[in-house]
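Have a look at target_38.cif below; it lists mmCIF, C-alpha atoms, pLDDT in the B column; chains and numbers go by the auth columns.
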```
data_model
#
loop_
_atom_site.group_PDB
_atom_site.id
_atom_site.type_symbol
_atom_site.label_atom_id
_atom_site.label_comp_id
_atom_site.label_asym_id
_atom_site.label_seq_id
_atom_site.Cartn_x
_atom_site.Cartn_y
_atom_site.Cartn_z
_atom_site.B_iso_or_equiv
_atom_site.auth_seq_id
_atom_site.auth_asym_id
ATOM 1 C CA MET A 1 1.577 39.347 -14.215 50.00 13 A
ATOM 2 C CA GLY A 2 4.625 37.738 -12.617 60.00 14 A
ATOM 3 C CA LYS A 3 8.182 38.990 -12.610 69.00 15 A
ATOM 4 C CA ILE A 4 10.655 36.787 -14.443 71.00 16 A
ATOM 5 C CA LYS A 5 13.451 35.436 -12.265 76.00 17 A
ATOM 6 C CA LYS A 6 15.347 33.805 -15.118 76.00 18 A
ATOM 7 C CA ILE A 7 14.604 32.706 -18.673 78.00 19 A
ATOM 8 C CA LEU A 8 15.330 28.974 -18.731 79.00 20 A
ATOM 9 C CA ASN A 9 15.259 28.607 -22.508 79.00 21 A
ATOM 10 C CA ILE A 10 14.261 30.365 -25.716 84.00 22 A
ATOM 11 C CA THR A 11 13.875 28.267 -28.861 82.00 23 A
ATOM 12 C CA THR A 12 13.192 29.626 -32.345 81.00 24 A
ATOM 13 C CA LEU A 13 10.558 27.523 -34.100 78.00 25 A
ATOM 14 C CA ASN A 14 10.369 27.086 -37.846 73.00 26 A
ATOM 15 C CA ASP A 15 7.607 28.746 -39.872 71.00 27 A
ATOM 16 C CA GLU A 16 5.613 25.550 -40.350 69.00 28 A
ATOM 17 C CA ILE A 17 2.307 26.205 -38.572 71.00 29 A
ATOM 18 C CA GLU A 18 -0.871 24.192 -38.885 71.00 30 A
ATOM 19 C CA CYS A 19 -4.216 26.038 -38.921 73.00 31 A
ATOM 20 C CA ARG A 20 -2.484 29.409 -39.117 76.00 32 A
ATOM 21 C CA ASN A 21 -5.669 31.411 -39.722 84.00 33 A
ATOM 22 C CA ARG A 22 -8.261 29.406 -37.769 86.00 34 A
ATOM 23 C CA LEU A 23 -10.662 30.845 -35.227 90.00 35 A
ATOM 24 C CA THR A 24 -13.699 28.587 -34.756 92.00 36 A
ATOM 25 C CA LEU A 25 -16.203 27.454 -32.152 92.00 37 A
ATOM 26 C CA GLU A 26 -17.479 23.878 -32.430 92.00 38 A
ATOM 27 C CA LEU A 27 -20.073 21.988 -30.447 92.00 39 A
ATOM 28 C CA CYS A 28 -18.897 18.418 -29.972 89.00 40 A
ATOM 29 C CA GLU A 29 -18.928 16.435 -26.714 87.00 41 A
ATOM 30 C CA ASN A 30 -18.348 19.929 -25.276 90.00 42 A
ATOM 31 C CA VAL A 31 -17.521 23.298 -26.820 91.00 43 A
ATOM 32 C CA HIS A 32 -14.223 23.505 -28.689 92.00 44 A
ATOM 33 C CA LEU A 33 -12.587 26.901 -29.111 92.00 45 A
ATOM 34 C CA HIS A 34 -9.926 26.693 -31.848 90.00 46 A
ATOM 35 C CA TYR A 35 -7.481 29.587 -32.017 90.00 47 A
ATOM 36 C CA ARG A 36 -4.774 28.860 -34.586 89.00 48 A
ATOM 37 C CA ASP A 37 -3.021 25.698 -33.313 89.00 49 A
ATOM 38 C CA LEU A 38 -4.557 25.821 -29.841 90.00 50 A
ATOM 39 C CA ARG A 39 -7.820 24.136 -28.872 92.00 51 A
ATOM 40 C CA VAL A 40 -9.516 24.813 -25.536 91.00 52 A
ATOM 41 C CA GLU A 41 -12.438 22.671 -24.346 92.00 53 A
ATOM 42 C CA LEU A 42 -15.195 24.518 -22.507 90.00 54 A
ATOM 43 C CA ASP A 43 -18.520 23.672 -20.937 89.00 55 A
ATOM 44 C CA SER A 44 -21.507 25.905 -21.703 87.00 56 A
ATOM 45 C CA ASP A 45 -21.203 27.920 -18.479 87.00 57 A
ATOM 46 C CA THR A 46 -17.534 28.668 -19.142 89.00 58 A
ATOM 47 C CA LEU A 47 -18.324 29.600 -22.744 90.00 59 A
ATOM 48 C CA LYS A 48 -20.809 32.213 -21.503 91.00 60 A
ATOM 49 C CA MET A 49 -18.168 33.479 -19.075 90.00 61 A
ATOM 50 C CA PHE A 50 -15.724 33.793 -21.984 90.00 62 A
ATOM 51 C CA LYS A 51 -18.312 35.786 -23.939 92.00 63 A
ATOM 52 C CA ASP A 52 -18.982 38.153 -21.045 91.00 64 A
ATOM 53 C CA SER A 53 -15.273 38.529 -20.328 92.00 65 A
ATOM 54 C CA PHE A 54 -14.423 39.414 -23.937 91.00 66 A
ATOM 55 C CA ALA A 55 -17.322 41.885 -24.066 92.00 67 A
ATOM 56 C CA GLU A 56 -16.039 43.578 -20.911 91.00 68 A
ATOM 57 C CA GLY A 57 -12.511 43.624 -22.304 89.00 69 A
ATOM 58 C CA VAL A 58 -13.573 45.242 -25.580 89.00 70 A
ATOM 59 C CA ALA A 59 -15.665 47.846 -23.746 90.00 71 A
ATOM 60 C CA LYS A 60 -12.812 48.743 -21.374 87.00 72 A
ATOM 61 C CA THR A 61 -9.989 48.813 -23.938 85.00 73 A
ATOM 62 C CA PRO A 62 -8.975 52.467 -24.318 83.00 74 A
ATOM 63 C CA ARG A 63 -8.020 53.851 -27.687 81.00 75 A
ATOM 64 C CA ASN A 64 -4.336 54.588 -28.205 79.00 76 A
ATOM 65 C CA TYR A 65 -3.334 52.721 -25.024 78.00 77 A
ATOM 66 C CA LYS A 66 0.441 52.868 -24.577 78.00 78 A
ATOM 67 C CA HIS A 67 1.941 50.046 -22.577 74.00 79 A
ATOM 68 C CA LYS A 68 4.524 50.937 -19.947 75.00 80 A
ATOM 69 C CA GLU A 69 7.105 48.475 -18.619 71.00 81 A
ATOM 70 C CA ASN A 70 5.801 46.309 -15.745 68.00 82 A
ATOM 71 C CA ASP A 71 2.334 47.782 -16.255 74.00 83 A
ATOM 72 C CA PHE A 72 -0.897 46.197 -17.401 76.00 84 A
ATOM 73 C CA LEU A 73 -4.547 47.128 -17.546 79.00 85 A
ATOM 74 C CA LYS A 74 -6.931 44.475 -16.227 83.00 86 A
ATOM 75 C CA LEU A 75 -9.842 44.389 -18.665 86.00 87 A
ATOM 76 C CA SER A 76 -11.829 41.572 -17.061 89.00 88 A
ATOM 77 C CA TYR A 77 -11.529 39.031 -14.263 88.00 89 A
ATOM 78 C CA LYS A 78 -13.724 35.996 -13.561 86.00 90 A
ATOM 79 C CA ASN A 79 -13.543 33.291 -10.911 86.00 91 A
ATOM 80 C CA LEU A 80 -13.804 29.930 -12.642 80.00 92 A
ATOM 81 C CA GLU A 81 -15.136 26.720 -11.170 79.00 93 A
ATOM 82 C CA ASP A 82 -12.810 23.711 -11.020 77.00 94 A
ATOM 83 C CA ASN A 83 -12.055 22.369 -14.480 72.00 95 A
ATOM 84 C CA LYS A 84 -14.137 19.224 -14.985 76.00 96 A
ATOM 85 C CA ILE A 85 -12.985 18.531 -18.556 79.00 97 A
ATOM 86 C CA SER A 86 -9.915 16.276 -18.834 76.00 98 A
ATOM 87 C CA LYS A 87 -8.933 17.534 -15.398 78.00 99 A
ATOM 88 C CA ASN A 88 -5.830 15.381 -14.908 83.00 100 A
ATOM 89 C CA LYS A 89 -5.005 14.549 -18.510 84.00 101 A
ATOM 90 C CA PHE A 90 -1.605 14.927 -20.107 89.00 102 A
ATOM 91 C CA SER A 91 -0.993 12.944 -23.274 90.00 103 A
ATOM 92 C CA ILE A 92 0.931 13.150 -26.532 92.00 104 A
ATOM 93 C CA GLU A 93 -0.524 11.613 -29.691 93.00 105 A
ATOM 94 C CA LEU A 94 0.875 10.959 -33.158 92.00 106 A
ATOM 95 C CA LEU A 95 -1.854 11.325 -35.770 91.00 107 A
ATOM 96 C CA LEU A 96 -2.123 9.406 -39.017 92.00 108 A
ATOM 97 C CA ASN A 97 -1.625 12.684 -40.920 90.00 109 A
ATOM 98 C CA GLY A 98 1.783 13.108 -39.227 88.00 110 A
ATOM 99 C CA LEU A 99 0.826 15.859 -36.797 90.00 111 A
ATOM 100 C CA ILE A 100 1.371 15.751 -33.031 92.00 112 A
ATOM 101 C CA HIS A 101 -1.361 16.524 -30.504 93.00 113 A
ATOM 102 C CA VAL A 102 -0.216 17.563 -27.024 93.00 114 A
ATOM 103 C CA HIS A 103 -3.112 17.421 -24.521 91.00 115 A
ATOM 104 C CA TYR A 104 -2.718 19.287 -21.235 90.00 116 A
ATOM 105 C CA ARG A 105 -5.902 19.237 -19.144 89.00 117 A
ATOM 106 C CA ASN A 106 -8.564 20.929 -21.286 89.00 118 A
ATOM 107 C CA MET A 107 -6.095 22.363 -23.814 91.00 119 A
ATOM 108 C CA ARG A 108 -4.669 20.796 -26.955 91.00 120 A
ATOM 109 C CA LEU A 109 -1.716 22.027 -28.974 91.00 121 A
ATOM 110 C CA GLU A 110 -1.389 20.902 -32.592 91.00 122 A
ATOM 111 C CA LEU A 111 2.180 20.700 -33.882 90.00 123 A
ATOM 112 C CA PRO A 112 4.139 19.508 -36.917 89.00 124 A
ATOM 113 C CA VAL A 113 6.686 16.867 -35.934 88.00 125 A
ATOM 114 C CA GLU A 114 9.677 19.177 -36.426 86.00 126 A
ATOM 115 C CA ASN A 115 8.251 21.811 -34.090 88.00 127 A
ATOM 116 C CA PHE A 116 7.380 19.075 -31.581 89.00 128 A
ATOM 117 C CA LYS A 117 11.040 18.002 -31.587 85.00 129 A
ATOM 118 C CA LEU A 118 12.073 21.606 -30.967 85.00 130 A
ATOM 119 C CA LEU A 119 9.543 21.843 -28.139 87.00 131 A
ATOM 120 C CA CYS A 120 10.932 18.691 -26.508 85.00 132 A
ATOM 121 C CA SER A 121 14.487 19.987 -26.834 81.00 133 A
ATOM 122 C CA SER A 122 13.432 23.298 -25.295 85.00 134 A
ATOM 123 C CA PHE A 123 11.801 21.561 -22.308 86.00 135 A
ATOM 124 C CA SER A 124 14.925 19.428 -21.797 79.00 136 A
ATOM 125 C CA LYS A 125 17.226 22.454 -21.848 79.00 137 A
ATOM 126 C CA ALA A 126 14.931 24.378 -19.507 83.00 138 A
ATOM 127 C CA TYR A 127 14.836 21.399 -17.120 80.00 139 A
ATOM 128 C CA ASN A 128 18.618 21.161 -17.116 75.00 140 A
ATOM 129 C CA GLU A 129 18.858 24.870 -16.332 76.00 141 A
ATOM 130 C CA LEU A 130 16.392 24.379 -13.483 78.00 142 A
ATOM 131 C CA VAL A 131 18.392 21.459 -12.049 72.00 143 A
ATOM 132 C CA LEU A 132 21.623 23.425 -12.279 68.00 144 A
ATOM 133 C CA ASN A 133 20.052 26.418 -10.548 67.00 145 A
ATOM 134 C CA ASP A 134 19.530 24.268 -7.446 66.00 146 A
ATOM 135 C CA TYR A 135 23.275 23.729 -7.141 62.00 147 A
ATOM 136 C CA ILE A 136 24.805 26.971 -8.314 61.00 148 A
ATOM 137 C CA LYS A 137 24.849 29.939 -5.936 57.00 149 A
ATOM 138 C CA GLU A 138 23.185 33.120 -7.101 52.00 150 A
ATOM 139 C CA GLU A 139 26.432 35.071 -7.079 49.00 151 A
ATOM 140 C CA GLU A 140 28.346 32.477 -9.114 55.00 152 A
ATOM 141 C CA LYS A 141 26.165 31.565 -12.104 56.00 153 A
ATOM 142 C CA THR A 142 29.163 30.263 -14.009 63.00 154 A
ATOM 143 C CA TYR A 143 28.453 27.043 -15.837 69.00 155 A
ATOM 144 C CA GLU A 144 29.275 25.878 -19.293 76.00 156 A
ATOM 145 C CA GLU A 145 29.014 23.066 -21.814 80.00 157 A
ATOM 146 C CA LYS A 146 32.279 21.216 -22.233 84.00 158 A
ATOM 147 C CA MET A 147 33.773 17.809 -22.950 89.00 159 A
ATOM 148 C CA ILE A 148 34.804 15.785 -19.894 90.00 160 A
ATOM 149 C CA ASN A 149 35.925 12.194 -19.435 91.00 161 A
ATOM 150 C CA ILE A 150 32.945 9.982 -18.571 89.00 162 A
ATOM 151 C CA ASP A 151 35.128 8.076 -16.080 90.00 163 A
ATOM 152 C CA ASP A 152 35.488 11.309 -14.102 92.00 164 A
ATOM 153 C CA VAL A 153 31.758 11.356 -13.365 91.00 165 A
ATOM 154 C CA ASN A 154 30.084 9.574 -10.464 90.00 166 A
ATOM 155 C CA PRO A 155 26.700 8.522 -11.935 88.00 167 A
ATOM 156 C CA TYR A 156 25.172 7.265 -8.664 88.00 168 A
ATOM 157 C CA ASP A 157 23.108 8.972 -5.992 84.00 169 A
ATOM 158 C CA THR A 158 20.648 7.987 -3.234 81.00 170 A
ATOM 159 C CA VAL A 159 18.278 6.467 -5.851 81.00 171 A
ATOM 160 C CA HIS A 160 20.813 4.770 -8.147 85.00 172 A
ATOM 161 C CA ARG A 161 23.658 2.688 -6.752 84.00 173 A
ATOM 162 C CA GLU A 162 26.305 0.374 -8.172 85.00 174 A
ATOM 163 C CA ASP A 163 25.409 -3.314 -7.838 85.00 175 A
ATOM 164 C CA LYS A 164 27.763 -5.791 -9.529 85.00 176 A
ATOM 165 C CA ASN A 165 25.451 -8.662 -8.566 86.00 177 A
ATOM 166 C CA SER A 166 22.748 -7.232 -10.812 84.00 178 A
ATOM 167 C CA LYS A 167 22.747 -8.177 -14.494 82.00 179 A
ATOM 168 C CA TYR A 168 22.457 -4.448 -15.229 81.00 180 A
ATOM 169 C CA GLY A 169 25.420 -3.492 -13.059 83.00 181 A
ATOM 170 C CA TYR A 170 23.372 -1.111 -10.947 84.00 182 A
ATOM 171 C CA ALA A 171 20.278 -1.069 -8.755 84.00 183 A
ATOM 172 C CA CYS A 172 17.531 1.471 -8.064 83.00 184 A
ATOM 173 C CA TRP A 173 15.067 2.022 -5.267 75.00 185 A
ATOM 174 C CA ASN A 174 12.745 -0.529 -6.917 74.00 186 A
ATOM 175 C CA ASP A 175 13.008 -3.155 -9.661 75.00 187 A
ATOM 176 C CA GLN A 176 10.486 -1.408 -11.907 76.00 188 A
ATOM 177 C CA ASP A 177 12.675 1.681 -11.993 79.00 189 A
ATOM 178 C CA VAL A 178 15.587 -0.420 -13.264 81.00 190 A
ATOM 179 C CA LEU A 179 13.469 -1.775 -16.123 80.00 191 A
ATOM 180 C CA GLN A 180 12.296 1.719 -17.058 81.00 192 A
ATOM 181 C CA HIS A 181 15.906 2.893 -17.091 83.00 193 A
ATOM 182 C CA GLU A 182 16.859 0.021 -19.380 84.00 194 A
ATOM 183 C CA ASP A 183 14.092 1.018 -21.815 85.00 195 A
ATOM 184 C CA GLY A 184 15.318 4.609 -21.716 85.00 196 A
ATOM 185 C CA ILE A 185 18.940 3.570 -22.258 86.00 197 A
ATOM 186 C CA LYS A 186 17.926 1.559 -25.335 88.00 198 A
ATOM 187 C CA ILE A 187 16.057 4.564 -26.718 87.00 199 A
ATOM 188 C CA CYS A 188 19.111 6.779 -26.152 86.00 200 A
ATOM 189 C CA MET A 189 21.295 4.215 -27.935 88.00 201 A
ATOM 190 C CA GLU A 190 18.977 4.176 -30.962 86.00 202 A
ATOM 191 C CA LEU A 191 18.878 7.967 -31.102 85.00 203 A
ATOM 192 C CA ILE A 192 22.684 8.155 -31.039 85.00 204 A
ATOM 193 C CA LYS A 193 22.940 5.502 -33.757 86.00 205 A
ATOM 194 C CA ASN A 194 20.596 7.619 -35.893 81.00 206 A
ATOM 195 C CA ASP A 195 22.749 10.729 -35.427 78.00 207 A
ATOM 196 C CA TYR A 196 20.465 12.530 -32.982 78.00 208 A
ATOM 197 C CA ILE A 197 22.311 14.945 -30.696 75.00 209 A
ATOM 198 C CA LEU A 198 21.189 14.403 -27.111 80.00 210 A
ATOM 199 C CA LEU A 199 21.301 17.051 -24.438 78.00 211 A
ATOM 200 C CA PRO A 200 24.419 16.431 -22.321 83.00 212 A
ATOM 201 C CA PRO A 201 24.042 15.343 -18.684 87.00 213 A
ATOM 202 C CA SER A 202 24.294 17.964 -15.950 85.00 214 A
ATOM 203 C CA VAL A 203 27.251 17.579 -13.578 88.00 215 A
ATOM 204 C CA ILE A 204 28.762 19.528 -10.714 86.00 216 A
ATOM 205 C CA PRO A 205 32.147 19.278 -8.985 87.00 217 A
ATOM 206 C CA ILE A 206 32.103 16.510 -6.371 86.00 218 A
ATOM 207 C CA GLY A 207 32.914 18.966 -3.580 83.00 219 A
ATOM 208 C CA LYS A 208 29.680 20.913 -4.185 81.00 220 A
ATOM 209 C CA ARG A 209 27.229 18.016 -4.074 81.00 221 A
ATOM 210 C CA ASP A 210 24.701 17.810 -1.238 76.00 222 A
ATOM 211 C CA GLU A 211 23.112 14.951 0.716 74.00 223 A
ATOM 212 C CA LYS A 212 20.849 13.929 -2.187 71.00 224 A
ATOM 213 C CA TYR A 213 23.958 12.841 -4.022 75.00 225 A
ATOM 214 C CA SER A 214 25.828 11.245 -1.134 70.00 226 A
ATOM 215 C CA GLY A 215 27.425 7.834 -1.335 71.00 227 A
ATOM 216 C CA PRO A 216 30.812 6.303 -2.070 75.00 228 A
ATOM 217 C CA ILE A 217 33.103 8.056 -4.494 80.00 229 A
ATOM 218 C CA LYS A 218 35.557 6.083 -6.591 82.00 230 A
ATOM 219 C CA LYS A 219 39.105 7.215 -7.099 83.00 231 A
ATOM 220 C CA GLY A 220 39.219 9.596 -10.013 85.00 232 A
ATOM 221 C CA HIS A 221 35.667 10.899 -9.695 90.00 233 A
ATOM 222 C CA LYS A 222 35.802 14.667 -10.137 91.00 234 A
ATOM 223 C CA TYR A 223 32.138 15.352 -10.921 91.00 235 A
ATOM 224 C CA GLN A 224 28.730 14.330 -9.609 90.00 236 A
ATOM 225 C CA ARG A 225 25.930 13.666 -12.097 89.00 237 A
ATOM 226 C CA LEU A 226 22.843 15.744 -11.341 86.00 238 A
ATOM 227 C CA ASP A 227 20.671 14.759 -14.299 84.00 239 A
ATOM 228 C CA GLY A 228 21.086 12.337 -17.210 85.00 240 A
ATOM 229 C CA PHE A 229 21.579 8.873 -15.702 84.00 241 A
ATOM 230 C CA LYS A 230 20.430 7.092 -18.877 83.00 242 A
ATOM 231 C CA ARG A 231 22.533 9.319 -21.103 83.00 243 A
#
```

Same coordinates, now as structure tokens:
Amino acid sequence: MGKIKKILNITTLNDEIECRNRLTLELCENVHLHYRDLRVELDSDTLKMFKDSFAEGVAKTPRNYKHKENDFLKLSYKNLEDNKISKNKFSIELLLNGLIHVHYRNMRLELPVENFKLLCSSFSKAYNELVLNDYIKEEEKTYEEKMINIDDVNPYDTVHREDKNSKYGYACWNDQDVLQHEDGIKICMELIKNDYILLPPSVIPIGKRDEKYSGPIKKGHKYQRLDGFKR
């Protein structure tokens, strides 16, 4: 059980939950353990290990156990072999019934679209917090959301640079990156046109930027962009 350094984000989901009361085991191409909206894929050896582990846990669970802060009772512990099922897989699928499947290695999360949007927003906010933490000293921790003039922000860094000879007006470390940015910029434009509220870019005062964000500064630049080049 790890100690929390900082909570990066907490998001309240709506009450729409698929498979709210489901607990099933299925034998397909491997064993599927469905617990509510979560599916875990197991091979037969791991399934047996699960069975033994749960049996140990039930046998060792004391009656009237009272949890104390920063305390836990280890009921069972097993050393697993390397995961051979969907070992390096991460994918997001839109189903014909309108649900979203998020696959992470041998786990699958089943979500309604609205909760998926909330999940994405939560990840974005947590990522922004993580980026900001790299540039804000522990004793300061003073940052806020506010309106600033876009012309006050230097958008470039060691990966992105201004290039007036390019048809895009900027260049990246490779041409493919430029094309991917253009796709992302178009998506952001469509989202804004459809009244989606995007997470604002992360910036820091120019004087606090480090070598990763070195490069020429134009007159009037007061802030350095940390995250959000496409936005």

- Task: Could you jot down the atom CA of Val43 of chain A to atom CA of Cys31 of chain A separation for me, Å, one decimal place?
- Result: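 Those two atoms sit 18.2 Å apart.
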
With a cut-off of 10 Å, could you pull out the residues of segment 198-220 of chain A touching segment 166-186 of chain A and give me the nearest pair of atoms for each, distance in Å to one decimal, using all atoms listed in the file, ordered by chain and ascending number, as a Markdown table?
```
| residue | atom | partner | partner_atom | distance |
| --- | --- | --- | --- | --- |
| A:Pro213 | CA | A:Pro167 | CA | 10.0 |
| A:Val215 | CA | A:Asn166 | CA | 9.0 |
| A:Ile218 | CA | A:Asn166 | CA | 8.3 |
```

Do you know which residues the PyMOL selection byres ((chain A and resi 47) around 12) returns on this file, as a PDB file with C-alpha atoms, in the coordinates of the input?
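Once written, expr_13.pdb looks like this:
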```
ATOM      1  CA  GLU A  30      -0.871  24.192 -38.885  1.00 71.00           C
ATOM      2  CA  CYS A  31      -4.216  26.038 -38.921  1.00 73.00           C
ATOM      3  CA  ARG A  32      -2.484  29.409 -39.117  1.00 76.00           C
ATOM      4  CA  ASN A  33      -5.669  31.411 -39.722  1.00 84.00           C
ATOM      5  CA  ARG A  34      -8.261  29.406 -37.769  1.00 86.00           C
ATOM      6  CA  LEU A  35     -10.662  30.845 -35.227  1.00 90.00           C
ATOM      7  CA  THR A  36     -13.699  28.587 -34.756  1.00 92.00           C
ATOM      8  CA  LEU A  37     -16.203  27.454 -32.152  1.00 92.00           C
ATOM      9  CA  GLU A  38     -17.479  23.878 -32.430  1.00 92.00           C
ATOM     10  CA  HIS A  44     -14.223  23.505 -28.689  1.00 92.00           C
ATOM     11  CA  LEU A  45     -12.587  26.901 -29.111  1.00 92.00           C
ATOM     12  CA  HIS A  46      -9.926  26.693 -31.848  1.00 90.00           C
ATOM     13  CA  ARG A  48      -4.774  28.860 -34.586  1.00 89.00           C
ATOM     14  CA  ASP A  49      -3.021  25.698 -33.313  1.00 89.00           C
ATOM     15  CA  LEU A  50      -4.557  25.821 -29.841  1.00 90.00           C
ATOM     16  CA  ARG A  51      -7.820  24.136 -28.872  1.00 92.00           C
ATOM     17  CA  VAL A  52      -9.516  24.813 -25.536  1.00 91.00           C
ATOM     18  CA  GLU A  53     -12.438  22.671 -24.346  1.00 92.00           C
ATOM     19  CA  MET A 119      -6.095  22.363 -23.814  1.00 91.00           C
ATOM     20  CA  ARG A 120      -4.669  20.796 -26.955  1.00 91.00           C
ATOM     21  CA  LEU A 121      -1.716  22.027 -28.974  1.00 91.00           C
ATOM     22  CA  GLU A 122      -1.389  20.902 -32.592  1.00 91.00           C
TER      23      GLU A 122
END
```

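Take atom CA of Asn42 of chain A and atom CA of Ile97 of chain A: the distance between them is 8.7 Å.
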
Taking all atoms of segment 125-134 of chain A that the file lists and extending 3 Å past them on each side, where is the centre of the axis-aligned box and how long are its edges? Answer in Å to one decimal, as AutoDock Vina command-line options.
```
--center_x 10.6 --center_y 20.1 --center_z -30.9 --size_x 13.8 --size_y 12.4 --size_z 17.1
```

- Select, from A:Ser103, A:Asn95, A:Ser226, A:Asn76, the residue with the minimum atom-to-atom distance to Asn118 of chain A, counting only C-alpha atoms.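 That would be A:Asn95, the residue with the smallest distance to Asn118 of chain A.
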
- Query: Restricting the calculation to all atoms listed in the file, which member of A:Lys96, A:Lys18, A:Lys101, A:His115 is positioned closest to Thr58 of chain A?
  - Reply: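 Looking only at the distances to Thr58 of chain A, the closest residue turns out to be A:Lys96.
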
- Query: Which residue out of A:Asn161, A:Phe241, A:Glu41, A:Glu141 has the minimum interatomic distance to His193 of chain A when only C-alpha atoms are used?
  - Reply: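 When distances to His193 of chain A are compared using only C-alpha atoms, the smallest one comes from A:Phe241.
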
- Message: Measuring between all atoms listed in the file, which one of A:Asp164, A:Glu105, A:Asp187, A:Asp57 shows the shortest distance to Arg237 of chain A?
- Response: A:Asp164

- Message: When you look at Lys137 of chain A with a cut-off of 9 Å (counting all atoms listed in the file), what residues show up, excluding the ones that are within fewer than 4 positions of it in the same chain? I need them as a PyMOL selection string.
- Response: chain A and resi 20-21+132-133+141-142+211

Fill-in result for segment 97-113 of chain A, N, CA and C atoms as a PDB file, in the frame of the given file:
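The new file result_31.pdb reads:
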```pdb
ATOM      1  N   ILE A  97     -13.256  19.149 -17.255  1.00 79.00           N
ATOM      2  CA  ILE A  97     -12.985  18.531 -18.556  1.00 79.00           C
ATOM      3  C   ILE A  97     -11.520  18.111 -18.605  1.00 79.00           C
ATOM      4  N   SER A  98     -11.285  16.808 -18.750  1.00 76.00           N
ATOM      5  CA  SER A  98      -9.915  16.276 -18.834  1.00 76.00           C
ATOM      6  C   SER A  98      -9.041  16.856 -17.724  1.00 76.00           C
ATOM      7  N   LYS A  99      -9.555  16.818 -16.516  1.00 78.00           N
ATOM      8  CA  LYS A  99      -8.933  17.534 -15.398  1.00 78.00           C
ATOM      9  C   LYS A  99      -7.480  17.136 -15.165  1.00 78.00           C
ATOM     10  N   ASN A 100      -7.182  15.849 -15.225  1.00 83.00           N
ATOM     11  CA  ASN A 100      -5.830  15.381 -14.908  1.00 83.00           C
ATOM     12  C   ASN A 100      -5.122  14.785 -16.114  1.00 83.00           C
ATOM     13  N   LYS A 101      -5.521  15.187 -17.297  1.00 84.00           N
ATOM     14  CA  LYS A 101      -5.005  14.549 -18.510  1.00 84.00           C
ATOM     15  C   LYS A 101      -3.754  15.256 -19.032  1.00 84.00           C
ATOM     16  N   PHE A 102      -2.737  14.468 -19.308  1.00 89.00           N
ATOM     17  CA  PHE A 102      -1.605  14.927 -20.107  1.00 89.00           C
ATOM     18  C   PHE A 102      -1.226  13.795 -21.037  1.00 89.00           C
ATOM     19  N   SER A 103      -1.316  14.006 -22.321  1.00 90.00           N
ATOM     20  CA  SER A 103      -0.993  12.944 -23.274  1.00 90.00           C
ATOM     21  C   SER A 103      -0.425  13.555 -24.547  1.00 90.00           C
ATOM     22  N   ILE A 104       0.334  12.744 -25.257  1.00 92.00           N
ATOM     23  CA  ILE A 104       0.931  13.150 -26.532  1.00 92.00           C
ATOM     24  C   ILE A 104       0.560  12.093 -27.564  1.00 92.00           C
ATOM     25  N   GLU A 105      -0.013  12.534 -28.682  1.00 93.00           N
ATOM     26  CA  GLU A 105      -0.524  11.613 -29.691  1.00 93.00           C
ATOM     27  C   GLU A 105       0.112  11.902 -31.047  1.00 93.00           C
ATOM     28  N   LEU A 106       0.438  10.845 -31.767  1.00 92.00           N
ATOM     29  CA  LEU A 106       0.875  10.959 -33.158  1.00 92.00           C
ATOM     30  C   LEU A 106      -0.301  10.607 -34.053  1.00 92.00           C
ATOM     31  N   LEU A 107      -0.703  11.538 -34.906  1.00 91.00           N
ATOM     32  CA  LEU A 107      -1.854  11.325 -35.770  1.00 91.00           C
ATOM     33  C   LEU A 107      -1.438  10.656 -37.076  1.00 91.00           C
ATOM     34  N   LEU A 108      -2.403  10.062 -37.745  1.00 92.00           N
ATOM     35  CA  LEU A 108      -2.123   9.406 -39.017  1.00 92.00           C
ATOM     36  C   LEU A 108      -1.652  10.402 -40.070  1.00 92.00           C
ATOM     37  N   ASN A 109      -2.057  11.674 -39.945  1.00 90.00           N
ATOM     38  CA  ASN A 109      -1.625  12.684 -40.920  1.00 90.00           C
ATOM     39  C   ASN A 109      -0.238  13.245 -40.604  1.00 90.00           C
ATOM     40  N   GLY A 110       0.418  12.710 -39.543  1.00 88.00           N
ATOM     41  CA  GLY A 110       1.783  13.108 -39.227  1.00 88.00           C
ATOM     42  C   GLY A 110       1.901  14.239 -38.240  1.00 88.00           C
ATOM     43  N   LEU A 111       0.786  14.789 -37.786  1.00 90.00           N
ATOM     44  CA  LEU A 111       0.826  15.859 -36.797  1.00 90.00           C
ATOM     45  C   LEU A 111       0.909  15.284 -35.381  1.00 90.00           C
ATOM     46  N   ILE A 112       1.303  16.114 -34.448  1.00 92.00           N
ATOM     47  CA  ILE A 112       1.371  15.751 -33.031  1.00 92.00           C
ATOM     48  C   ILE A 112       0.309  16.547 -32.277  1.00 92.00           C
ATOM     49  N   HIS A 113      -0.446  15.861 -31.423  1.00 93.00           N
ATOM     50  CA  HIS A 113      -1.361  16.524 -30.504  1.00 93.00           C
ATOM     51  C   HIS A 113      -0.813  16.398 -29.089  1.00 93.00           C
TER      52      HIS A 113
END
```
